[in-house]
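> Enclosed is the structure file work-v6.cif (mmCIF, C-alpha atoms and all ligand atoms).
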data_target
loop_
_atom_site.label_atom_id
_atom_site.label_comp_id
_atom_site.auth_asym_id
_atom_site.auth_seq_id
_atom_site.Cartn_x
_atom_site.Cartn_y
_atom_site.Cartn_z
CA MET A 1 -12.70 -1.01 -15.47
CA THR A 2 -11.76 -4.07 -17.47
CA SER A 3 -13.23 -4.65 -20.86
CA MET A 4 -13.34 -7.64 -23.10
CA GLN A 5 -13.23 -8.16 -26.82
CA THR A 6 -12.69 -11.86 -27.12
CA MET A 7 -11.45 -14.20 -24.52
CA ASP A 8 -8.38 -16.17 -25.27
CA LEU A 9 -8.47 -18.51 -22.36
CA PRO A 10 -6.38 -21.64 -21.91
CA LEU A 11 -9.50 -23.77 -22.33
CA ARG A 12 -11.04 -25.36 -25.41
CA LYS A 13 -13.60 -23.07 -27.02
CA VAL A 14 -16.77 -25.06 -27.71
CA GLY A 15 -19.00 -22.27 -28.96
CA SER A 16 -18.69 -18.71 -29.98
CA GLY A 17 -21.40 -16.29 -30.98
CA LYS A 18 -21.38 -12.65 -31.96
CA VAL A 19 -20.94 -11.51 -28.37
CA ARG A 20 -20.64 -14.62 -26.17
CA GLU A 21 -18.09 -17.38 -25.82
CA ILE A 22 -18.33 -20.79 -24.26
CA PHE A 23 -15.41 -22.97 -23.12
CA GLU A 24 -15.03 -26.51 -21.86
CA ILE A 25 -14.16 -27.00 -18.19
CA ASP A 26 -14.75 -30.75 -18.00
CA ASP A 27 -17.20 -33.44 -19.11
CA SER A 28 -20.03 -31.97 -17.10
CA SER A 29 -19.42 -28.21 -17.01
CA LEU A 30 -18.71 -25.24 -19.26
CA LEU A 31 -17.50 -21.68 -18.78
CA PHE A 32 -19.97 -19.25 -20.32
CA VAL A 33 -18.56 -15.74 -20.91
CA ALA A 34 -20.39 -12.58 -21.96
CA THR A 35 -18.01 -10.19 -23.75
CA ASP A 36 -18.44 -6.42 -24.15
CA ARG A 37 -19.02 -6.67 -27.88
CA ILE A 38 -22.18 -5.10 -29.27
CA SER A 39 -23.99 -5.69 -32.52
CA ALA A 40 -26.44 -3.46 -34.33
CA TYR A 41 -28.37 -4.49 -37.42
CA ASP A 42 -26.55 -7.85 -37.08
CA VAL A 43 -23.11 -6.26 -37.48
CA VAL A 44 -20.65 -6.44 -34.59
CA MET A 45 -19.08 -3.05 -33.88
CA ASP A 46 -15.29 -2.66 -33.64
CA GLU A 47 -15.50 -0.90 -30.28
CA LEU A 48 -16.55 -2.44 -26.96
CA ILE A 49 -19.20 -1.22 -24.52
CA PRO A 50 -17.37 -1.55 -21.17
CA ASP A 51 -19.28 -3.73 -18.69
CA LYS A 52 -22.00 -4.72 -21.16
CA GLY A 53 -21.23 -8.42 -20.64
CA ARG A 54 -21.43 -7.92 -16.87
CA VAL A 55 -24.77 -6.17 -17.12
CA LEU A 56 -26.20 -9.05 -19.14
CA THR A 57 -24.75 -11.65 -16.79
CA GLY A 58 -26.13 -9.79 -13.76
CA MET A 59 -29.58 -9.67 -15.34
CA THR A 60 -29.46 -13.39 -16.11
CA GLU A 61 -28.53 -14.08 -12.49
CA HIS A 62 -31.42 -11.90 -11.29
CA TRP A 63 -34.04 -13.69 -13.42
CA LEU A 64 -32.73 -17.16 -12.62
CA ALA A 65 -33.07 -16.38 -8.90
CA LEU A 66 -36.68 -15.26 -9.46
CA ALA A 67 -37.43 -18.43 -11.43
CA SER A 68 -35.87 -20.89 -9.02
CA ASP A 69 -38.64 -23.43 -9.65
CA ILE A 70 -37.42 -23.97 -13.22
CA PRO A 71 -34.27 -26.11 -13.52
CA ASN A 72 -31.41 -24.01 -14.96
CA HIS A 73 -27.80 -24.54 -16.02
CA LEU A 74 -26.12 -22.11 -13.59
CA ILE A 75 -23.63 -23.79 -11.25
CA SER A 76 -21.58 -20.86 -9.96
CA MET A 77 -20.56 -17.24 -10.51
CA SER A 78 -17.92 -17.33 -7.75
CA LEU A 79 -14.33 -16.53 -8.64
CA ALA A 80 -13.25 -19.28 -6.25
CA ASP A 81 -14.92 -21.86 -8.49
CA LEU A 82 -13.01 -20.87 -11.64
CA PRO A 83 -10.75 -23.65 -12.85
CA SER A 84 -7.13 -23.06 -11.83
CA ALA A 85 -6.16 -22.71 -15.51
CA VAL A 86 -8.08 -19.42 -15.71
CA GLN A 87 -7.48 -18.00 -12.23
CA ASP A 88 -5.08 -15.46 -13.81
CA TYR A 89 -8.07 -14.06 -15.72
CA ALA A 90 -10.27 -13.66 -12.66
CA GLU A 91 -10.36 -9.86 -12.80
CA GLU A 92 -11.48 -9.80 -16.43
CA LEU A 93 -13.97 -12.61 -15.89
CA ALA A 94 -15.51 -11.25 -12.66
CA GLY A 95 -19.22 -10.61 -13.10
CA ARG A 96 -19.29 -11.81 -16.71
CA PHE A 97 -18.90 -15.57 -16.39
CA MET A 98 -21.15 -18.39 -15.38
CA ILE A 99 -19.96 -21.91 -14.74
CA VAL A 100 -22.81 -23.92 -16.23
CA LYS A 101 -23.94 -27.48 -16.40
CA ARG A 102 -23.13 -29.05 -19.74
CA LEU A 103 -26.34 -29.99 -21.50
CA ASN A 104 -27.53 -31.44 -24.77
CA MET A 105 -29.01 -28.30 -26.28
CA LEU A 106 -32.41 -28.47 -27.92
CA PRO A 107 -32.13 -27.24 -31.54
CA VAL A 108 -35.13 -24.91 -31.20
CA GLU A 109 -35.35 -21.34 -29.93
CA PHE A 110 -38.26 -20.77 -27.56
CA VAL A 111 -39.60 -17.34 -28.46
CA VAL A 112 -42.51 -15.77 -26.57
CA ARG A 113 -44.11 -12.58 -27.86
CA GLY A 114 -46.43 -10.32 -25.92
CA TYR A 115 -46.41 -7.47 -28.45
CA LEU A 116 -46.65 -7.28 -32.22
CA VAL A 117 -43.20 -6.25 -33.51
CA GLY A 118 -40.30 -7.45 -35.61
CA SER A 119 -40.84 -10.59 -37.64
CA GLY A 120 -44.22 -11.09 -35.90
CA TRP A 121 -45.48 -7.74 -37.18
CA ALA A 122 -44.07 -8.50 -40.65
CA GLU A 123 -45.99 -11.80 -40.81
CA TYR A 124 -49.19 -10.24 -39.44
CA LYS A 125 -49.12 -7.51 -42.11
CA ARG A 126 -48.67 -10.16 -44.82
CA ASN A 127 -51.07 -12.85 -43.61
CA GLY A 128 -52.94 -11.71 -40.51
CA THR A 129 -51.14 -14.47 -38.57
CA ILE A 130 -48.19 -15.05 -36.24
CA ALA A 131 -46.44 -18.41 -36.57
CA GLY A 132 -49.42 -19.41 -38.70
CA MET A 133 -51.89 -18.65 -35.88
CA PRO A 134 -54.71 -16.27 -36.78
CA LEU A 135 -54.91 -12.98 -34.85
CA PRO A 136 -57.70 -10.40 -34.55
CA GLU A 137 -57.90 -7.88 -37.41
CA GLY A 138 -56.87 -4.26 -37.10
CA LEU A 139 -53.83 -4.64 -34.83
CA ARG A 140 -51.12 -2.00 -35.14
CA GLU A 141 -47.35 -2.37 -34.95
CA ALA A 142 -46.28 -2.76 -31.29
CA ASP A 143 -49.83 -3.45 -30.09
CA LYS A 144 -50.14 -5.72 -27.07
CA LEU A 145 -51.31 -9.19 -28.10
CA PRO A 146 -54.49 -10.58 -26.52
CA GLU A 147 -52.31 -13.36 -25.03
CA PRO A 148 -48.56 -14.04 -25.20
CA LEU A 149 -47.75 -16.33 -28.12
CA PHE A 150 -45.16 -19.08 -28.43
CA THR A 151 -43.40 -18.69 -31.80
CA PRO A 152 -40.57 -21.25 -31.97
CA ALA A 153 -37.71 -20.92 -34.42
CA THR A 154 -34.87 -23.10 -35.61
CA LYS A 155 -31.31 -21.87 -35.45
CA ALA A 156 -30.49 -21.44 -39.12
CA THR A 157 -26.88 -22.38 -39.89
CA THR A 158 -26.47 -19.12 -41.78
CA GLY A 159 -28.30 -15.84 -41.51
CA HIS A 160 -31.55 -15.53 -39.63
CA ASP A 161 -33.58 -17.94 -37.55
CA GLU A 162 -36.46 -19.63 -39.30
CA ASN A 163 -39.87 -19.48 -37.67
CA ILE A 164 -41.57 -22.87 -37.35
CA SER A 165 -44.93 -23.99 -36.04
CA GLU A 166 -45.43 -25.51 -32.61
CA ALA A 167 -46.32 -28.78 -34.37
CA THR A 168 -42.97 -28.75 -36.20
CA ALA A 169 -41.14 -27.99 -32.93
CA GLY A 170 -42.94 -31.02 -31.45
CA GLU A 171 -41.78 -33.19 -34.35
CA ILE A 172 -38.17 -32.05 -33.93
CA LEU A 173 -37.99 -32.38 -30.13
CA GLY A 174 -40.68 -34.87 -29.26
CA GLU A 175 -44.02 -33.63 -28.02
CA LYS A 176 -43.30 -33.99 -24.32
CA ARG A 177 -39.99 -32.11 -24.30
CA MET A 178 -41.41 -29.40 -26.51
CA ALA A 179 -44.42 -28.97 -24.22
CA THR A 180 -42.26 -28.80 -21.08
CA ALA A 181 -39.95 -26.14 -22.53
CA ARG A 182 -42.91 -24.25 -24.01
CA ASP A 183 -44.70 -24.17 -20.67
CA TYR A 184 -41.49 -23.02 -18.90
CA SER A 185 -41.15 -20.30 -21.56
CA PHE A 186 -44.69 -18.99 -20.96
CA GLN A 187 -44.17 -19.10 -17.21
CA LEU A 188 -40.89 -17.16 -17.50
CA TYR A 189 -42.32 -14.59 -19.90
CA LYS A 190 -45.39 -13.95 -17.77
CA MET A 191 -43.38 -13.67 -14.56
CA ALA A 192 -40.83 -11.32 -16.11
CA ALA A 193 -43.37 -9.17 -17.99
CA GLU A 194 -45.39 -8.62 -14.82
CA TYR A 195 -42.27 -7.89 -12.80
CA ALA A 196 -40.91 -5.45 -15.42
CA GLU A 197 -44.27 -3.71 -15.83
CA GLN A 198 -44.20 -2.77 -12.13
CA ARG A 199 -40.87 -1.06 -12.86
CA GLY A 200 -42.08 0.89 -15.90
CA ILE A 201 -40.62 -1.48 -18.46
CA ILE A 202 -42.39 -3.49 -21.15
CA LEU A 203 -41.01 -6.91 -22.02
CA ALA A 204 -42.17 -7.07 -25.64
CA ASP A 205 -40.71 -10.46 -26.46
CA THR A 206 -37.90 -12.81 -25.52
CA LYS A 207 -36.09 -15.93 -26.59
CA PHE A 208 -35.11 -18.85 -24.37
CA GLU A 209 -32.81 -21.78 -24.98
CA PHE A 210 -33.13 -25.11 -23.24
CA GLY A 211 -31.07 -28.26 -22.99
CA VAL A 212 -31.53 -31.71 -21.58
CA ASP A 213 -29.59 -32.92 -18.57
CA ALA A 214 -27.28 -35.94 -18.53
CA ASP A 215 -30.24 -38.00 -17.28
CA GLY A 216 -31.71 -37.48 -20.76
CA GLU A 217 -34.95 -36.38 -19.17
CA THR A 218 -34.78 -33.08 -17.29
CA VAL A 219 -35.42 -30.00 -19.44
CA VAL A 220 -33.05 -27.26 -18.24
CA LEU A 221 -33.08 -23.51 -18.96
CA ALA A 222 -29.74 -22.46 -20.47
CA ASP A 223 -27.87 -19.55 -22.00
CA GLU A 224 -28.49 -15.92 -21.08
CA VAL A 225 -31.98 -15.28 -19.77
CA LEU A 226 -34.18 -12.22 -20.29
CA THR A 227 -31.32 -9.90 -21.23
CA PRO A 228 -31.52 -7.00 -23.69
CA ASP A 229 -29.66 -9.19 -26.22
CA SER A 230 -32.30 -11.93 -26.03
CA SER A 231 -35.33 -9.70 -25.48
CA ARG A 232 -36.95 -6.41 -26.38
CA PHE A 233 -37.30 -4.16 -23.34
CA TRP A 234 -39.10 -0.86 -23.87
CA PRO A 235 -39.49 2.04 -21.47
CA ALA A 236 -43.29 1.94 -20.89
CA ASP A 237 -43.61 5.71 -21.25
CA GLU A 238 -42.16 5.58 -24.78
CA TRP A 239 -44.48 2.84 -26.01
CA LYS A 240 -46.79 4.07 -28.75
CA PRO A 241 -48.71 1.52 -30.85
CA GLY A 242 -48.34 2.32 -34.54
CA SER A 243 -44.56 2.71 -34.33
CA ASN A 244 -41.69 0.46 -33.31
CA PRO A 245 -40.67 1.72 -29.85
CA PRO A 246 -37.00 2.30 -29.04
CA SER A 247 -35.33 -0.56 -27.22
CA PHE A 248 -34.03 0.33 -23.80
CA ASP A 249 -30.41 -0.46 -24.49
CA LYS A 250 -29.44 -0.10 -28.12
CA GLN A 251 -31.61 2.78 -29.22
CA PHE A 252 -28.95 5.31 -28.33
CA LEU A 253 -26.50 3.53 -30.66
CA ARG A 254 -29.12 2.97 -33.37
CA ASP A 255 -30.15 6.63 -33.31
CA TRP A 256 -26.53 7.63 -33.85
CA LEU A 257 -26.02 5.03 -36.60
CA SER A 258 -29.19 6.10 -38.40
CA GLY A 259 -27.78 9.63 -38.81
CA LEU A 260 -24.91 8.22 -40.90
CA ASP A 261 -25.03 6.99 -44.45
CA TRP A 262 -23.82 3.52 -43.42
CA ASN A 263 -25.31 0.66 -45.48
CA LYS A 264 -25.49 -1.71 -42.47
CA GLU A 265 -22.88 -3.99 -44.00
CA PRO A 266 -19.39 -4.48 -42.55
CA PRO A 267 -17.19 -2.63 -41.94
CA PRO A 268 -19.11 -0.78 -39.22
CA PRO A 269 -18.47 2.91 -38.54
CA THR A 270 -16.11 3.87 -35.71
CA LEU A 271 -18.09 4.63 -32.56
CA PRO A 272 -17.19 7.94 -30.93
CA GLN A 273 -16.51 7.99 -27.19
CA ASP A 274 -19.78 9.75 -26.33
CA VAL A 275 -21.78 7.03 -28.13
CA ILE A 276 -19.83 4.33 -26.26
CA ASP A 277 -20.39 6.14 -22.94
CA GLY A 278 -24.08 6.81 -23.60
CA THR A 279 -24.71 3.20 -24.61
CA ARG A 280 -22.90 1.90 -21.51
CA ARG A 281 -24.99 4.23 -19.34
CA ARG A 282 -28.20 2.85 -20.89
CA TYR A 283 -27.18 -0.75 -20.19
CA ILE A 284 -26.39 0.09 -16.58
CA GLU A 285 -29.70 1.96 -16.25
CA ALA A 286 -31.49 -1.10 -17.62
CA TYR A 287 -29.72 -3.32 -15.05
CA GLU A 288 -30.63 -0.99 -12.19
CA ALA A 289 -34.24 -0.48 -13.35
CA ILE A 290 -34.84 -4.21 -13.66
CA THR A 291 -33.01 -5.52 -10.62
CA GLY A 292 -33.50 -2.58 -8.26
CA LYS A 293 -29.81 -3.02 -7.40
CA PHE A 294 -26.87 -0.71 -8.09
CA PHE A 295 -24.57 -2.11 -10.75
CA ASP A 296 -21.60 -1.12 -8.56
CA THR A 297 -23.00 -3.31 -5.78
CA TYR A 298 -23.33 -6.24 -8.18
CA MET A 299 -19.67 -5.80 -9.16
CA GLN A 300 -18.47 -5.48 -5.56
CA GLU A 301 -20.17 -8.78 -4.79
CA ARG A 302 -18.74 -10.46 -7.87
CA ARG A 303 -15.14 -9.31 -7.31
CA SER A 304 -14.86 -10.81 -3.83
C1 LIG B 401 -25.06 -22.87 -25.65
C2 LIG B 401 -24.02 -20.34 -27.60
C3 LIG B 401 -22.36 -18.96 -26.62
C4 LIG B 401 -22.40 -19.25 -28.93
C5 LIG B 401 -23.68 -24.28 -26.55
N1 LIG B 401 -25.26 -25.28 -20.70
C6 LIG B 401 -24.89 -25.57 -21.97
N2 LIG B 401 -24.56 -26.82 -22.30
C7 LIG B 401 -24.18 -27.14 -23.54
N3 LIG B 401 -24.12 -26.24 -24.51
C8 LIG B 401 -24.46 -24.96 -24.28
C9 LIG B 401 -24.86 -24.58 -22.97
CL1 LIG B 401 -25.28 -22.98 -22.57
C10 LIG B 401 -24.42 -24.05 -25.42
N4 LIG B 401 -24.73 -22.43 -26.84
C11 LIG B 401 -25.20 -21.23 -27.47
C12 LIG B 401 -23.47 -19.79 -26.50
C13 LIG B 401 -21.83 -18.68 -27.84
C14 LIG B 401 -23.49 -20.09 -28.82
F1 LIG B 401 -21.82 -18.43 -25.53
N5 LIG B 401 -23.88 -23.25 -27.42
#
So, in terms of structure tokens, how does the structure I just supplied come out?

Amino acid sequence: MTSMQTMDLPLRKVGSGKVREIFEIDDSSLLFVATDRISAYDVVMDELIPDKGRVLTGMTEHWLALASDIPNHLISMSLADLPSAVQDYAEELAGRFMIVKRLNMLPVEFVVRGYLVGSGWAEYKRNGTIAGMPLPEGLREADKLPEPLFTPATKATTGHDENISEATAGEILGEKRMATARDYSFQLYKMAAEYAEQRGIILADTKFEFGVDADGETVVLADEVLTPDSSRFWPADEWKPGSNPPSFDKQFLRDWLSGLDWNKEPPPPTLPQDVIDGTRRRYIEAYEAITGKFFDTYMQERRS
């Protein structure tokens, strides 16, 4: 089992997030890598969750295959297609990298919500709205919304994303691009929510990122897609309106953290081995529940 903190690869790093890294291959392609880092309450833990990056990459691959009618950035997940400069890292990268088409990223996050939680619930309690749109009265936390809602956000340079209206997203991106990416987002959410529901999983909400192709025209789905880091997945049998249901993947870690007197500011507490193992198990269970495939099978395919 190989595990990854940060990737020091002999390629130029062009983006780095809390748990993902992105490197330049050439003018038209990038190497997108999902590490095993995990964050909770926006703090990255010191320990890794082995295979977490592979689980997320495998889920992204699964959803992209189901949504093959939407243009996406994935070029290859084959070891043979890795640039020669990183062939020595093939074992570490296997299953956790995507060679992707280099896009001009749209500076808006495409969030779709089917349930009333998180910042959506906070706004509804305050104003009776989500993203400024009025909702029926009397909804409870985690209630299913009458219809999925598009609640775009801008990537704030520091701290949290800022929710914006659809009209503002249209002003930033141009109406046509915004509408194309919005419609793709609804289509993806509805497909995935229906698919997950049949497997006993609720897709409460999710966030998509899009870019524009070199032709300056084609709107292309990018980044990780419908993973536990970009979405809230709940086990359907634990959903109870009136309380915030546990997320499939991180609840095990959050439950352990909540028993400590940690103030949710760095430095994070040291994760014991049983919390690492339990969290890894939950990620793998999520992969297997969603894809219907054994994680070991995914890895066998990705190592050869
Ligand atoms: C995505 C991000 C990450 C931090 C750049 N296909 C693409 N073309 C051009 N740019 C990107 C992509 Cl995916 C791109 N991000 C978001 C990813 C770490 C931030 F791995 N940044």
> Excluding Pro272 (chain A) and residues on its chain fewer than 4 positions from it, collect all residues at most 12 Å away from it, counting only C-alpha atoms, and give them as a list in words.
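Contacts, with the query itself left out: Met45, Asp46, Glu47, Leu48, Ile49, Leu253, Trp256, Leu257, Ile276, Asp277, Gly278 and Thr279 of chain A.
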> Please write out, as AutoDock Vina command-line options, where the centre of an axis-aligned box around all listed atoms of region 276-291 of chain A lies and how long its edges are, in Å to one decimal, after adding 6 Å on each side.

--center_x -27.3 --center_y 0.6 --center_z -18.4 --size_x 27.0 --size_y 24.3 --size_z 27.6
> Write out as JSON lines the residues of chain A that have any atom within 9 Å of an atom of ligand LIG 401 (chain B), one row each with the nearest atom pair and its distance in Å to one decimal, counting all atoms listed in the file, sorted by chain and then rising number.

{"residue": "A:Val14", "atom": "CA", "partner": "B:LIG401", "partner_atom": "C5", "distance": 7.0}
{"residue": "A:Gly15", "atom": "CA", "partner": "B:LIG401", "partner_atom": "C4", "distance": 4.5}
{"residue": "A:Ser16", "atom": "CA", "partner": "B:LIG401", "partner_atom": "C13", "distance": 3.8}
{"residue": "A:Gly17", "atom": "CA", "partner": "B:LIG401", "partner_atom": "C4", "distance": 3.7}
{"residue": "A:Lys18", "atom": "CA", "partner": "B:LIG401", "partner_atom": "C13", "distance": 7.3}
{"residue": "A:Val19", "atom": "CA", "partner": "B:LIG401", "partner_atom": "C13", "distance": 7.2}
{"residue": "A:Arg20", "atom": "CA", "partner": "B:LIG401", "partner_atom": "F1", "distance": 4.0}
{"residue": "A:Glu21", "atom": "CA", "partner": "B:LIG401", "partner_atom": "F1", "distance": 3.9}
{"residue": "A:Ile22", "atom": "CA", "partner": "B:LIG401", "partner_atom": "F1", "distance": 4.4}
{"residue": "A:Phe23", "atom": "CA", "partner": "B:LIG401", "partner_atom": "F1", "distance": 8.2}
{"residue": "A:Ser28", "atom": "CA", "partner": "B:LIG401", "partner_atom": "N2", "distance": 8.6}
{"residue": "A:Ser29", "atom": "CA", "partner": "B:LIG401", "partner_atom": "N1", "distance": 7.5}
{"residue": "A:Leu30", "atom": "CA", "partner": "B:LIG401", "partner_atom": "N1", "distance": 6.7}
{"residue": "A:Leu31", "atom": "CA", "partner": "B:LIG401", "partner_atom": "F1", "distance": 8.6}
{"residue": "A:Phe32", "atom": "CA", "partner": "B:LIG401", "partner_atom": "F1", "distance": 5.6}
{"residue": "A:Val33", "atom": "CA", "partner": "B:LIG401", "partner_atom": "F1", "distance": 6.3}
{"residue": "A:Ala34", "atom": "CA", "partner": "B:LIG401", "partner_atom": "F1", "distance": 7.0}
{"residue": "A:Asn72", "atom": "CA", "partner": "B:LIG401", "partner_atom": "N1", "distance": 8.5}
{"residue": "A:His73", "atom": "CA", "partner": "B:LIG401", "partner_atom": "N1", "distance": 5.4}
{"residue": "A:Leu74", "atom": "CA", "partner": "B:LIG401", "partner_atom": "N1", "distance": 7.8}
{"residue": "A:Ile99", "atom": "CA", "partner": "B:LIG401", "partner_atom": "N1", "distance": 8.7}
{"residue": "A:Val100", "atom": "CA", "partner": "B:LIG401", "partner_atom": "N1", "distance": 5.3}
{"residue": "A:Lys101", "atom": "CA", "partner": "B:LIG401", "partner_atom": "N1", "distance": 5.0}
{"residue": "A:Arg102", "atom": "CA", "partner": "B:LIG401", "partner_atom": "N2", "distance": 3.7}
{"residue": "A:Leu103", "atom": "CA", "partner": "B:LIG401", "partner_atom": "N2", "distance": 3.7}
{"residue": "A:Asn104", "atom": "CA", "partner": "B:LIG401", "partner_atom": "C7", "distance": 5.6}
{"residue": "A:Met105", "atom": "CA", "partner": "B:LIG401", "partner_atom": "N3", "distance": 5.6}
{"residue": "A:Glu209", "atom": "CA", "partner": "B:LIG401", "partner_atom": "C1", "distance": 7.9}
{"residue": "A:Phe210", "atom": "CA", "partner": "B:LIG401", "partner_atom": "CL1", "distance": 8.2}
{"residue": "A:Gly211", "atom": "CA", "partner": "B:LIG401", "partner_atom": "N2", "distance": 6.7}
{"residue": "A:Val212", "atom": "CA", "partner": "B:LIG401", "partner_atom": "N2", "distance": 8.5}
{"residue": "A:Asp213", "atom": "CA", "partner": "B:LIG401", "partner_atom": "N2", "distance": 8.7}
{"residue": "A:Val220", "atom": "CA", "partner": "B:LIG401", "partner_atom": "N1", "distance": 8.4}
{"residue": "A:Leu221", "atom": "CA", "partner": "B:LIG401", "partner_atom": "N1", "distance": 8.2}
{"residue": "A:Ala222", "atom": "CA", "partner": "B:LIG401", "partner_atom": "CL1", "distance": 5.0}
{"residue": "A:Asp223", "atom": "CA", "partner": "B:LIG401", "partner_atom": "CL1", "distance": 4.3}
{"residue": "A:Glu224", "atom": "CA", "partner": "B:LIG401", "partner_atom": "CL1", "distance": 7.9}
> Keeping only C-alpha atoms, take the residues you just selected and write them out as a PDB file, keeping the file's coordinate frame.

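Okay, this is what ended up in again10.pdb:
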ATOM      1  CA  VAL A  14     -16.770 -25.060 -27.710  1.00  0.00           C
ATOM      2  CA  GLY A  15     -19.000 -22.270 -28.960  1.00  0.00           C
ATOM      3  CA  SER A  16     -18.690 -18.710 -29.980  1.00  0.00           C
ATOM      4  CA  GLY A  17     -21.400 -16.290 -30.980  1.00  0.00           C
ATOM      5  CA  LYS A  18     -21.380 -12.650 -31.960  1.00  0.00           C
ATOM      6  CA  VAL A  19     -20.940 -11.510 -28.370  1.00  0.00           C
ATOM      7  CA  ARG A  20     -20.640 -14.620 -26.170  1.00  0.00           C
ATOM      8  CA  GLU A  21     -18.090 -17.380 -25.820  1.00  0.00           C
ATOM      9  CA  ILE A  22     -18.330 -20.790 -24.260  1.00  0.00           C
ATOM     10  CA  PHE A  23     -15.410 -22.970 -23.120  1.00  0.00           C
ATOM     11  CA  SER A  28     -20.030 -31.970 -17.100  1.00  0.00           C
ATOM     12  CA  SER A  29     -19.420 -28.210 -17.010  1.00  0.00           C
ATOM     13  CA  LEU A  30     -18.710 -25.240 -19.260  1.00  0.00           C
ATOM     14  CA  LEU A  31     -17.500 -21.680 -18.780  1.00  0.00           C
ATOM     15  CA  PHE A  32     -19.970 -19.250 -20.320  1.00  0.00           C
ATOM     16  CA  VAL A  33     -18.560 -15.740 -20.910  1.00  0.00           C
ATOM     17  CA  ALA A  34     -20.390 -12.580 -21.960  1.00  0.00           C
ATOM     18  CA  ASN A  72     -31.410 -24.010 -14.960  1.00  0.00           C
ATOM     19  CA  HIS A  73     -27.800 -24.540 -16.020  1.00  0.00           C
ATOM     20  CA  LEU A  74     -26.120 -22.110 -13.590  1.00  0.00           C
ATOM     21  CA  ILE A  99     -19.960 -21.910 -14.740  1.00  0.00           C
ATOM     22  CA  VAL A 100     -22.810 -23.920 -16.230  1.00  0.00           C
ATOM     23  CA  LYS A 101     -23.940 -27.480 -16.400  1.00  0.00           C
ATOM     24  CA  ARG A 102     -23.130 -29.050 -19.740  1.00  0.00           C
ATOM     25  CA  LEU A 103     -26.340 -29.990 -21.500  1.00  0.00           C
ATOM     26  CA  ASN A 104     -27.530 -31.440 -24.770  1.00  0.00           C
ATOM     27  CA  MET A 105     -29.010 -28.300 -26.280  1.00  0.00           C
ATOM     28  CA  GLU A 209     -32.810 -21.780 -24.980  1.00  0.00           C
ATOM     29  CA  PHE A 210     -33.130 -25.110 -23.240  1.00  0.00           C
ATOM     30  CA  GLY A 211     -31.070 -28.260 -22.990  1.00  0.00           C
ATOM     31  CA  VAL A 212     -31.530 -31.710 -21.580  1.00  0.00           C
ATOM     32  CA  ASP A 213     -29.590 -32.920 -18.570  1.00  0.00           C
ATOM     33  CA  VAL A 220     -33.050 -27.260 -18.240  1.00  0.00           C
ATOM     34  CA  LEU A 221     -33.080 -23.510 -18.960  1.00  0.00           C
ATOM     35  CA  ALA A 222     -29.740 -22.460 -20.470  1.00  0.00           C
ATOM     36  CA  ASP A 223     -27.870 -19.550 -22.000  1.00  0.00           C
ATOM     37  CA  GLU A 224     -28.490 -15.920 -21.080  1.00  0.00           C
TER      38      GLU A 224
END
> Quote the spacing between CA of Ser84 (chain A) and CA of Pro10 (chain A) in Å to one decimal place.
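Answer for the CA of Ser84 (chain A) to CA of Pro10 (chain A) separation: 10.2 Å.
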> List as a ChimeraX atom specification the residues having at least one atom at most 12 Å from position (-24.9, -10.8, -7.4) as given in the file, counting all atoms listed in the file.
/A:54-65,76-78,94-98,287,291-304
> If you count all atoms listed in the file, which residues fall within 9 Å of region 154-162 of chain A, apart from same-chain ones fewer than 2 positions away, as a list in words?
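Result of the neighbour search: Pro107, Val108, Glu109, Pro152, Ile164 and Ala169 of chain A.
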> My list of candidates is A:Ile25, A:Ile290, A:Leu203, A:Met191. Which is closest to Ser68 (chain A) when distances are computed with all atoms listed in the file?
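Of A:Ile25, A:Ile290, A:Leu203, A:Met191, the one nearest Ser68 (chain A) is A:Met191, counting all atoms listed in the file.
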> When you count all atoms listed in the file, which of these residues is closest to Lys190 (chain A): A:Glu147, A:Asp229, A:Asp215, A:Asp274?
A:Glu147
